[in-house]
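So this one's target.pdb, PDB, C-alpha atoms and all ligand atoms:
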ATOM      1  CA  MET A  29      -1.011 116.378  -2.782
ATOM      2  CA  ALA A  30       2.259 117.223  -4.470
ATOM      3  CA  GLN A  31       4.329 120.318  -3.895
ATOM      4  CA  ILE A  32       4.711 122.248  -7.110
ATOM      5  CA  ILE A  33       8.278 122.834  -8.249
ATOM      6  CA  ASP A  34       8.578 126.469  -9.262
ATOM      7  CA  GLY A  35      10.773 126.434 -12.370
ATOM      8  CA  LYS A  36      10.528 130.192 -12.751
ATOM      9  CA  ALA A  37      11.960 130.756  -9.266
ATOM     10  CA  VAL A  38      14.779 128.209  -9.673
ATOM     11  CA  SER A  39      15.567 129.629 -13.111
ATOM     12  CA  ALA A  40      15.666 133.170 -11.689
ATOM     13  CA  ALA A  41      18.135 131.983  -9.048
ATOM     14  CA  VAL A  42      20.426 130.436 -11.689
ATOM     15  CA  LYS A  43      20.256 133.585 -13.829
ATOM     16  CA  ALA A  44      21.017 135.748 -10.781
ATOM     17  CA  GLU A  45      24.153 133.661 -10.100
ATOM     18  CA  VAL A  46      25.206 134.038 -13.746
ATOM     19  CA  ALA A  47      24.524 137.802 -13.727
ATOM     20  CA  GLU A  48      26.580 138.292 -10.583
ATOM     21  CA  GLU A  49      29.556 136.384 -11.947
ATOM     22  CA  THR A  50      29.283 138.125 -15.331
ATOM     23  CA  ALA A  51      29.406 141.552 -13.651
ATOM     24  CA  LYS A  52      32.395 140.468 -11.578
ATOM     25  CA  LEU A  53      34.286 139.214 -14.639
ATOM     26  CA  ARG A  54      33.571 142.462 -16.455
ATOM     27  CA  ASP A  55      34.664 144.644 -13.513
ATOM     28  CA  GLU A  56      37.693 142.645 -12.443
ATOM     29  CA  LYS A  57      38.982 141.190 -15.702
ATOM     30  CA  GLY A  58      37.375 143.340 -18.415
ATOM     31  CA  LEU A  59      35.771 140.220 -19.832
ATOM     32  CA  LYS A  60      32.612 140.453 -21.939
ATOM     33  CA  VAL A  61      30.402 137.471 -22.636
ATOM     34  CA  GLY A  62      28.702 137.021 -26.020
ATOM     35  CA  LEU A  63      26.201 134.509 -27.407
ATOM     36  CA  ALA A  64      25.379 134.181 -31.106
ATOM     37  CA  VAL A  65      21.893 132.893 -31.841
ATOM     38  CA  VAL A  66      21.181 131.707 -35.372
ATOM     39  CA  ILE A  67      17.658 131.107 -36.627
ATOM     40  CA  VAL A  68      16.784 129.965 -40.137
ATOM     41  CA  GLY A  69      13.253 130.402 -41.492
ATOM     42  CA  ASN A  70       9.995 131.439 -39.852
ATOM     43  CA  ASP A  71       9.000 128.689 -37.439
ATOM     44  CA  PRO A  72       6.852 130.588 -34.893
ATOM     45  CA  ALA A  73       7.849 128.419 -31.910
ATOM     46  CA  SER A  74      11.545 128.859 -32.758
ATOM     47  CA  ARG A  75      11.008 132.622 -33.008
ATOM     48  CA  VAL A  76       9.563 132.676 -29.473
ATOM     49  CA  TYR A  77      12.476 130.607 -28.114
ATOM     50  CA  VAL A  78      15.045 132.833 -29.804
ATOM     51  CA  ASN A  79      13.405 135.999 -28.473
ATOM     52  CA  ASN A  80      13.418 134.521 -24.969
ATOM     53  CA  LYS A  81      17.099 133.636 -25.299
ATOM     54  CA  LYS A  82      17.904 137.202 -26.357
ATOM     55  CA  LYS A  83      15.960 138.608 -23.414
ATOM     56  CA  ALA A  84      17.782 136.287 -21.021
ATOM     57  CA  CYS A  85      21.133 137.451 -22.432
ATOM     58  CA  GLU A  86      20.200 141.058 -21.713
ATOM     59  CA  ALA A  87      19.034 140.161 -18.214
ATOM     60  CA  VAL A  88      22.345 138.529 -17.244
ATOM     61  CA  GLY A  89      24.557 141.125 -18.941
ATOM     62  CA  PHE A  90      25.655 139.214 -22.067
ATOM     63  CA  GLN A  91      25.925 140.590 -25.561
ATOM     64  CA  SER A  92      23.669 138.697 -27.915
ATOM     65  CA  TYR A  93      24.224 138.564 -31.645
ATOM     66  CA  GLU A  94      21.228 137.432 -33.643
ATOM     67  CA  TYR A  95      21.469 136.036 -37.159
ATOM     68  CA  ALA A  96      17.982 135.615 -38.617
ATOM     69  CA  LEU A  97      18.405 133.916 -41.969
ATOM     70  CA  ASP A  98      15.902 133.390 -44.704
ATOM     71  CA  GLU A  99      14.187 129.998 -45.129
ATOM     72  CA  SER A 100      15.974 129.667 -48.493
ATOM     73  CA  THR A 101      19.465 129.859 -46.934
ATOM     74  CA  THR A 102      21.632 127.043 -48.264
ATOM     75  CA  GLN A 103      23.530 124.624 -46.084
ATOM     76  CA  GLU A 104      26.778 126.027 -47.428
ATOM     77  CA  GLN A 105      25.793 129.570 -46.438
ATOM     78  CA  LEU A 106      24.873 128.419 -42.942
ATOM     79  CA  LEU A 107      28.137 126.489 -42.577
ATOM     80  CA  ASP A 108      30.031 129.596 -43.719
ATOM     81  CA  LEU A 109      28.324 131.649 -41.009
ATOM     82  CA  VAL A 110      29.123 129.026 -38.362
ATOM     83  CA  ASN A 111      32.773 129.145 -39.419
ATOM     84  CA  VAL A 112      32.837 132.931 -39.152
ATOM     85  CA  LEU A 113      31.310 132.712 -35.657
ATOM     86  CA  ASN A 114      33.791 130.009 -34.645
ATOM     87  CA  ARG A 115      36.574 132.533 -35.316
ATOM     88  CA  ASP A 116      34.840 135.601 -33.843
ATOM     89  CA  ASP A 117      36.372 136.406 -30.443
ATOM     90  CA  ARG A 118      33.305 138.359 -29.332
ATOM     91  CA  VAL A 119      31.260 135.189 -29.614
ATOM     92  CA  ASN A 120      31.778 132.741 -26.743
ATOM     93  CA  GLY A 121      28.783 130.549 -27.471
ATOM     94  CA  ILE A 122      26.976 129.597 -30.679
ATOM     95  CA  LEU A 123      23.416 128.372 -30.724
ATOM     96  CA  VAL A 124      21.774 127.308 -33.959
ATOM     97  CA  GLN A 125      18.069 127.010 -33.228
ATOM     98  CA  LEU A 126      16.589 123.656 -34.245
ATOM     99  CA  PRO A 127      14.719 122.432 -36.189
ATOM    100  CA  LEU A 128      16.378 123.647 -39.385
ATOM    101  CA  PRO A 129      14.575 123.681 -42.760
ATOM    102  CA  LYS A 130      14.438 120.237 -44.368
ATOM    103  CA  HIS A 131      17.035 120.967 -47.052
ATOM    104  CA  ILE A 132      19.721 121.520 -44.387
ATOM    105  CA  ASP A 133      21.481 118.610 -42.711
ATOM    106  CA  GLU A 134      21.296 119.360 -38.984
ATOM    107  CA  LYS A 135      24.104 116.967 -38.167
ATOM    108  CA  ALA A 136      26.498 118.719 -40.543
ATOM    109  CA  VAL A 137      25.703 122.051 -38.902
ATOM    110  CA  ILE A 138      26.069 120.753 -35.336
ATOM    111  CA  ASN A 139      29.375 119.108 -36.261
ATOM    112  CA  ALA A 140      30.663 122.407 -37.687
ATOM    113  CA  ILE A 141      30.233 124.319 -34.415
ATOM    114  CA  SER A 142      33.474 124.524 -32.461
ATOM    115  CA  PRO A 143      33.053 122.184 -29.459
ATOM    116  CA  ASP A 144      34.406 125.024 -27.255
ATOM    117  CA  LYS A 145      31.483 127.236 -28.299
ATOM    118  CA  ASP A 146      28.852 124.498 -28.407
ATOM    119  CA  VAL A 147      26.732 125.766 -25.506
ATOM    120  CA  ASP A 148      23.897 123.357 -26.406
ATOM    121  CA  ALA A 149      26.328 120.444 -25.879
ATOM    122  CA  PHE A 150      25.071 118.801 -29.087
ATOM    123  CA  HIS A 151      28.466 118.268 -30.783
ATOM    124  CA  PRO A 152      29.591 114.598 -30.736
ATOM    125  CA  ILE A 153      32.706 115.571 -28.748
ATOM    126  CA  ASN A 154      30.594 117.111 -26.014
ATOM    127  CA  VAL A 155      28.125 114.215 -26.121
ATOM    128  CA  GLY A 156      31.044 111.815 -25.692
ATOM    129  CA  LYS A 157      32.398 113.832 -22.774
ATOM    130  CA  ILE A 158      29.050 113.520 -21.013
ATOM    131  CA  MET A 159      29.264 109.723 -21.387
ATOM    132  CA  ILE A 160      32.603 109.661 -19.552
ATOM    133  CA  GLY A 161      31.650 112.330 -17.034
ATOM    134  CA  GLU A 162      34.310 114.852 -18.123
ATOM    135  CA  TYR A 163      32.219 117.614 -19.530
ATOM    136  CA  SER A 164      32.391 121.400 -19.692
ATOM    137  CA  PHE A 165      28.832 121.876 -20.897
ATOM    138  CA  LEU A 166      25.776 119.918 -19.924
ATOM    139  CA  PRO A 167      22.867 119.874 -22.361
ATOM    140  CA  CYS A 168      20.541 122.623 -21.167
ATOM    141  CA  THR A 169      17.245 120.815 -20.628
ATOM    142  CA  PRO A 170      18.616 117.743 -18.798
ATOM    143  CA  ALA A 171      20.858 120.016 -16.702
ATOM    144  CA  GLY A 172      17.799 122.116 -15.845
ATOM    145  CA  VAL A 173      15.913 118.980 -14.809
ATOM    146  CA  MET A 174      18.782 117.998 -12.492
ATOM    147  CA  ARG A 175      18.682 121.425 -10.893
ATOM    148  CA  LEU A 176      14.917 121.115 -10.339
ATOM    149  CA  ILE A 177      15.317 117.689  -8.716
ATOM    150  CA  GLU A 178      18.077 119.138  -6.530
ATOM    151  CA  SER A 179      15.726 121.974  -5.486
ATOM    152  CA  THR A 180      13.377 119.408  -3.906
ATOM    153  CA  GLY A 181      16.163 118.146  -1.627
ATOM    154  CA  THR A 182      15.841 114.628  -3.112
ATOM    155  CA  ASP A 183      18.992 112.495  -2.945
ATOM    156  CA  ILE A 184      19.199 110.590  -6.244
ATOM    157  CA  THR A 185      21.649 107.956  -4.957
ATOM    158  CA  GLY A 186      20.146 104.479  -5.149
ATOM    159  CA  LYS A 187      16.769 105.734  -6.363
ATOM    160  CA  GLN A 188      14.802 104.139  -9.198
ATOM    161  CA  CYS A 189      14.872 106.748 -11.949
ATOM    162  CA  VAL A 190      12.722 106.296 -15.035
ATOM    163  CA  VAL A 191      13.177 108.471 -18.120
ATOM    164  CA  ILE A 192      10.456 108.275 -20.765
ATOM    165  CA  GLY A 193      11.897 109.378 -24.110
ATOM    166  CA  ARG A 194      15.201 108.610 -25.808
ATOM    167  CA  SER A 195      16.010 111.736 -27.809
ATOM    168  CA  ASN A 196      19.582 112.915 -28.192
ATOM    169  CA  ILE A 197      18.604 116.292 -26.729
ATOM    170  CA  VAL A 198      16.792 115.117 -23.596
ATOM    171  CA  GLY A 199      16.185 111.410 -22.899
ATOM    172  CA  LYS A 200      19.641 109.961 -23.501
ATOM    173  CA  PRO A 201      21.692 112.681 -21.762
ATOM    174  CA  GLN A 202      19.121 112.832 -18.955
ATOM    175  CA  ALA A 203      19.681 109.150 -18.232
ATOM    176  CA  MET A 204      23.457 109.741 -18.120
ATOM    177  CA  LEU A 205      23.166 112.618 -15.654
ATOM    178  CA  LEU A 206      20.901 110.617 -13.342
ATOM    179  CA  LEU A 207      23.341 107.712 -13.568
ATOM    180  CA  GLN A 208      26.230 109.997 -12.622
ATOM    181  CA  LYS A 209      24.288 110.918  -9.486
ATOM    182  CA  ASN A 210      24.081 107.205  -8.645
ATOM    183  CA  GLY A 211      20.492 106.665  -9.711
ATOM    184  CA  THR A 212      19.363 103.278 -11.023
ATOM    185  CA  VAL A 213      18.150 104.342 -14.426
ATOM    186  CA  THR A 214      15.627 102.852 -16.854
ATOM    187  CA  ILE A 215      14.987 104.458 -20.242
ATOM    188  CA  CYS A 216      11.515 103.867 -21.706
ATOM    189  CA  HIS A 217      10.186 104.893 -25.101
ATOM    190  CA  SER A 218       7.250 104.488 -27.447
ATOM    191  CA  LYS A 219       7.994 100.773 -27.986
ATOM    192  CA  THR A 220       8.374  99.871 -24.308
ATOM    193  CA  LYS A 221       5.919  97.076 -23.452
ATOM    194  CA  ASN A 222       5.203  97.191 -19.716
ATOM    195  CA  LEU A 223       5.459 100.959 -19.375
ATOM    196  CA  LYS A 224       2.905 101.375 -16.594
ATOM    197  CA  GLU A 225       4.584  98.746 -14.434
ATOM    198  CA  ILE A 226       8.010 100.348 -14.926
ATOM    199  CA  CYS A 227       6.668 103.825 -14.178
ATOM    200  CA  LEU A 228       5.024 102.559 -10.990
ATOM    201  CA  GLY A 229       8.482 101.574  -9.754
ATOM    202  CA  ALA A 230       9.914 105.061 -10.272
ATOM    203  CA  ASP A 231      10.997 107.227  -7.352
ATOM    204  CA  ILE A 232      11.983 109.866  -9.905
ATOM    205  CA  LEU A 233      10.088 110.042 -13.200
ATOM    206  CA  VAL A 234      11.253 112.308 -16.036
ATOM    207  CA  VAL A 235       8.848 112.437 -18.964
ATOM    208  CA  ALA A 236      10.036 113.681 -22.356
ATOM    209  CA  ILE A 237       8.036 111.761 -24.922
ATOM    210  CA  GLY A 238       6.217 114.644 -26.618
ATOM    211  CA  ARG A 239       2.655 113.367 -26.229
ATOM    212  CA  ALA A 240       0.038 115.412 -24.413
ATOM    213  CA  ASN A 241      -1.099 113.969 -21.062
ATOM    214  CA  PHE A 242       0.658 110.657 -21.782
ATOM    215  CA  VAL A 243       1.456 109.811 -18.155
ATOM    216  CA  THR A 244      -1.545 109.612 -15.848
ATOM    217  CA  GLY A 245      -1.820 109.412 -12.066
ATOM    218  CA  ASP A 246      -2.381 105.631 -12.088
ATOM    219  CA  MET A 247       1.149 105.227 -13.539
ATOM    220  CA  ILE A 248       2.802 107.121 -10.694
ATOM    221  CA  LYS A 249       4.104 105.700  -7.433
ATOM    222  CA  GLU A 250       2.900 107.413  -4.268
ATOM    223  CA  GLY A 251       5.494 110.039  -3.312
ATOM    224  CA  ALA A 252       7.420 110.072  -6.606
ATOM    225  CA  VAL A 253       9.182 113.171  -7.938
ATOM    226  CA  VAL A 254       7.665 113.875 -11.365
ATOM    227  CA  ILE A 255       9.388 116.109 -13.904
ATOM    228  CA  ASP A 256       7.453 116.943 -17.077
ATOM    229  CA  VAL A 257       9.626 118.049 -20.001
ATOM    230  CA  GLY A 258       6.690 118.057 -22.442
ATOM    231  CA  MET A 259       5.319 121.141 -24.114
ATOM    232  CA  ASN A 260       2.294 120.346 -26.265
ATOM    233  CA  ARG A 261      -0.317 122.652 -27.685
ATOM    234  CA  LEU A 262      -3.865 121.305 -27.550
ATOM    235  CA  ASP A 263      -6.504 122.012 -30.202
ATOM    236  CA  ASN A 264      -8.028 124.637 -27.906
ATOM    237  CA  GLY A 265      -4.706 126.499 -27.941
ATOM    238  CA  LYS A 266      -3.784 125.628 -24.350
ATOM    239  CA  LEU A 267      -0.296 124.411 -23.473
ATOM    240  CA  CYS A 268       0.038 121.131 -21.672
ATOM    241  CA  GLY A 269       2.787 118.748 -20.702
ATOM    242  CA  ASP A 270       3.334 115.017 -21.211
ATOM    243  CA  VAL A 271       1.903 114.358 -17.740
ATOM    244  CA  GLU A 272      -1.772 114.688 -16.870
ATOM    245  CA  PHE A 273      -1.281 117.167 -14.075
ATOM    246  CA  GLU A 274      -4.566 116.826 -12.157
ATOM    247  CA  SER A 275      -4.296 113.077 -11.586
ATOM    248  CA  ALA A 276      -0.491 113.095 -11.195
ATOM    249  CA  GLU A 277      -0.362 115.731  -8.477
ATOM    250  CA  LYS A 278      -2.510 113.509  -6.271
ATOM    251  CA  LYS A 279       0.220 110.854  -6.258
ATOM    252  CA  ALA A 280       3.539 112.708  -6.565
ATOM    253  CA  SER A 281       5.467 114.341  -3.727
ATOM    254  CA  PHE A 282       6.843 116.985  -6.086
ATOM    255  CA  ILE A 283       5.758 117.840  -9.626
ATOM    256  CA  THR A 284       6.619 120.432 -12.262
ATOM    257  CA  PRO A 285       3.857 122.443 -13.913
ATOM    258  CA  VAL A 286       3.639 123.181 -17.653
ATOM    259  CA  PRO A 287       4.273 125.981 -18.354
ATOM    260  CA  GLY A 288       6.548 127.263 -15.583
ATOM    261  CA  GLY A 289       8.487 124.080 -14.813
ATOM    262  CA  VAL A 290      11.303 122.799 -17.013
ATOM    263  CA  GLY A 291      10.869 125.426 -19.764
ATOM    264  CA  PRO A 292      12.428 128.378 -17.946
ATOM    265  CA  MET A 293      15.324 126.179 -16.773
ATOM    266  CA  THR A 294      16.556 125.417 -20.293
ATOM    267  CA  ILE A 295      17.352 129.056 -20.956
ATOM    268  CA  ALA A 296      18.925 129.576 -17.536
ATOM    269  CA  MET A 297      21.283 126.643 -18.149
ATOM    270  CA  LEU A 298      22.136 128.048 -21.588
ATOM    271  CA  MET A 299      23.252 131.248 -19.869
ATOM    272  CA  LYS A 300      25.336 129.217 -17.440
ATOM    273  CA  ASN A 301      27.000 127.301 -20.298
ATOM    274  CA  THR A 302      27.757 130.517 -22.165
ATOM    275  CA  LEU A 303      29.452 131.962 -19.086
ATOM    276  CA  THR A 304      31.461 128.746 -18.692
ATOM    277  CA  ALA A 305      32.498 128.982 -22.355
ATOM    278  CA  ALA A 306      33.643 132.595 -21.927
ATOM    279  CA  LYS A 307      35.697 131.725 -18.846
ATOM    280  CA  GLN A 308      37.321 128.739 -20.548
ATOM    281  CA  GLN A 309      38.165 130.757 -23.643
ATOM    282  CA  ALA A 310      39.760 133.408 -21.413
ATOM    283  CA  GLY A 311      41.754 130.699 -19.599
ATOM    284  CA  ILE A 312      39.984 131.419 -16.314
ATOM    285  CA  GLU A 313      38.512 127.956 -15.813
TER     286      GLU A 313
HETATM  287  N1  LIG A 401      15.076 123.650 -30.356
HETATM  288  C1  LIG A 401      14.337 123.219 -29.297
HETATM  289  N2  LIG A 401      15.101 123.143 -28.201
HETATM  290  C2  LIG A 401      16.348 123.530 -28.556
HETATM  291  C3  LIG A 401      17.560 123.684 -27.846
HETATM  292  O1  LIG A 401      17.683 123.411 -26.650
HETATM  293  N3  LIG A 401      18.609 124.133 -28.576
HETATM  294  C4  LIG A 401      18.523 124.406 -29.899
HETATM  295  N4  LIG A 401      19.625 124.825 -30.525
HETATM  296  N5  LIG A 401      17.406 124.278 -30.587
HETATM  297  C5  LIG A 401      16.327 123.851 -29.903
END
What would you get if you wrote out this structure as structure tokens?
Ligand code: GUN
Amino acid sequence: MAQIIDGKAVSAAVKAEVAEETAKLRDEKGLKVGLAVVIVGNDPASRVYVNNKKKACEAVGFQSYEYALDESTTQEQLLDLVNVLNRDDRVNGILVQLPLPKHIDEKAVINAISPDKDVDAFHPINVGKIMIGEYSFLPCTPAGVMRLIESTGTDITGKQCVVIGRSNIVGKPQAMLLLQKNGTVTICHSKTKNLKEICLGADILVVAIGRANFVTGDMIKEGAVVIDVGMNRLDNGKLCGDVEFESAEKKASFITPVPGGVGPMTIAMLMKNTLTAAKQQAGIE
């Protein structure tokens, strides 16, 4: 039976580190840390995420600046706001909550955020830096996954790591981070043919495909570390991951629950990136 990885506890530890350093910077250097969070429209899931980000800012001692814009906001208006925030010294990090309404080009908005304030690490400059291992910010969810794997005491070096999902936000950067830790990495996706066979070879399995209960226990090697990035809502209203927990926990050595696994880590890593941004902008790091 697997040990359950407690994402809430690991996330609390990361936030405590950030809070301590933030207080120290304020007391010793008079530095304040600020995060701007921009949300466009009324997507209920986005609203929940943005509220959680604001709460986390308060908890670690950051200022948060929320810009809740109407669904009808034009791309030009949003780009104007991003440019204002790029120049605002109170704002160390800028987060534009995705997805954006269909009439706005997400790429254009991401590209407009100053790479120094891009705490999501979505800007092509930051993506490129991750490829060459010279980054300031790691994308929040993959960085959170790495921290969870680390919390199990697993050494990634030489291990077979399988990532299911190839999104720009999770799958692709996740593979890079595992590679940097000397894992042997395979990326699978919806068109992969012998998925079960590949999964059965995985010592570390990260699942981010966005399909409820997609990975079942018979696809998991005995003793594998299983990280479930999925967050799906079933017809009965219950949340579930991309991994079928009941069958998977019988095979894995460690497994994340949904909720309470990867989810809380994403926000903790966002706080960490915002602190890094503030320090860099102040010439401290
Ligand atoms: N929407 C879902 N996840 C994320 C995230 O990590 N960052 C942003 N900006 N939007 C999201």
Sort by chain and increasing residue number a table of all residues of chain A within 6 Å of ligand LIG 401 (chain A), each with its closest pair of atoms and their distance in Å to one decimal, counting all atoms listed in the file, and write it as a Markdown table.
| residue | atom | partner | partner_atom | distance |
| --- | --- | --- | --- | --- |
| A:Leu123 | CA | A:LIG401 | N4 | 5.2 |
| A:Val124 | CA | A:LIG401 | N4 | 4.8 |
| A:Gln125 | CA | A:LIG401 | N4 | 3.8 |
| A:Leu126 | CA | A:LIG401 | N5 | 3.8 |
| A:Pro127 | CA | A:LIG401 | N1 | 6.0 |
| A:Asp148 | CA | A:LIG401 | N3 | 5.8 |
- Query: Any idea what's packed within 12 Å of Ile312 of chain A, counting all atoms listed in the file, ignoring anything in its chain fewer than 2 positions away? Could you give it as a list in words?
  - Reply: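 Using all atoms listed in the file, the neighbours found are Leu53, Lys57, Leu59, Leu303, Thr304, Ala305, Ala306, Lys307, Gln308, Gln309 and Ala310 of chain A.
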- Message: For the provided coordinates, the residues matched by the PyMOL selection byres (((chain A and resi 233-249) around 9) and not hetatm) should be stated as a PyMOL selection string.
- Response: chain A and resi 173+188-195+198-199+202+217-218+223-232+250-262+268-280
- On this file, the PyMOL selection byres (((chain A and resi 180) around 10) and not hetatm) gives some set of residues; write that set as a PyMOL selection string. chain A and resi 31-33+175-179+181-183+253+281-283
- Query: Of the candidates A:Ala47, A:Val286, A:Ile122, A:Met297, which shows the shortest atom-to-atom distance to Ala64 of chain A, using all atoms listed in the file?
  - Reply: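 Ranking A:Ala47, A:Val286, A:Ile122, A:Met297 by distance to Ala64 of chain A, first place goes to A:Ile122.
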- Show which residues sit within 7 Å of segment 109-115 of chain A, as a list in words. Count only C-alpha atoms, and ignore same-chain residues fewer than 2 positions away. Gln105, Leu106, Leu107, Asp117, Val119, Ala140, Ile141 and Ser142 of chain A
- Query: For Ala40 of chain A, which residue out of A:Val88, A:Gly121, A:His151, A:Gly58 is the nearest one, using all atoms listed in the file?
  - Reply: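 Nearest candidate to Ala40 of chain A out of A:Val88, A:Gly121, A:His151, A:Gly58: A:Val88.
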- Just how far from atom CA of Pro143 of chain A is atom CA of Thr212 of chain A, in Å to one decimal?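 Taking atom CA of Thr212 of chain A and atom CA of Pro143 of chain A, their separation equals 29.7 Å.
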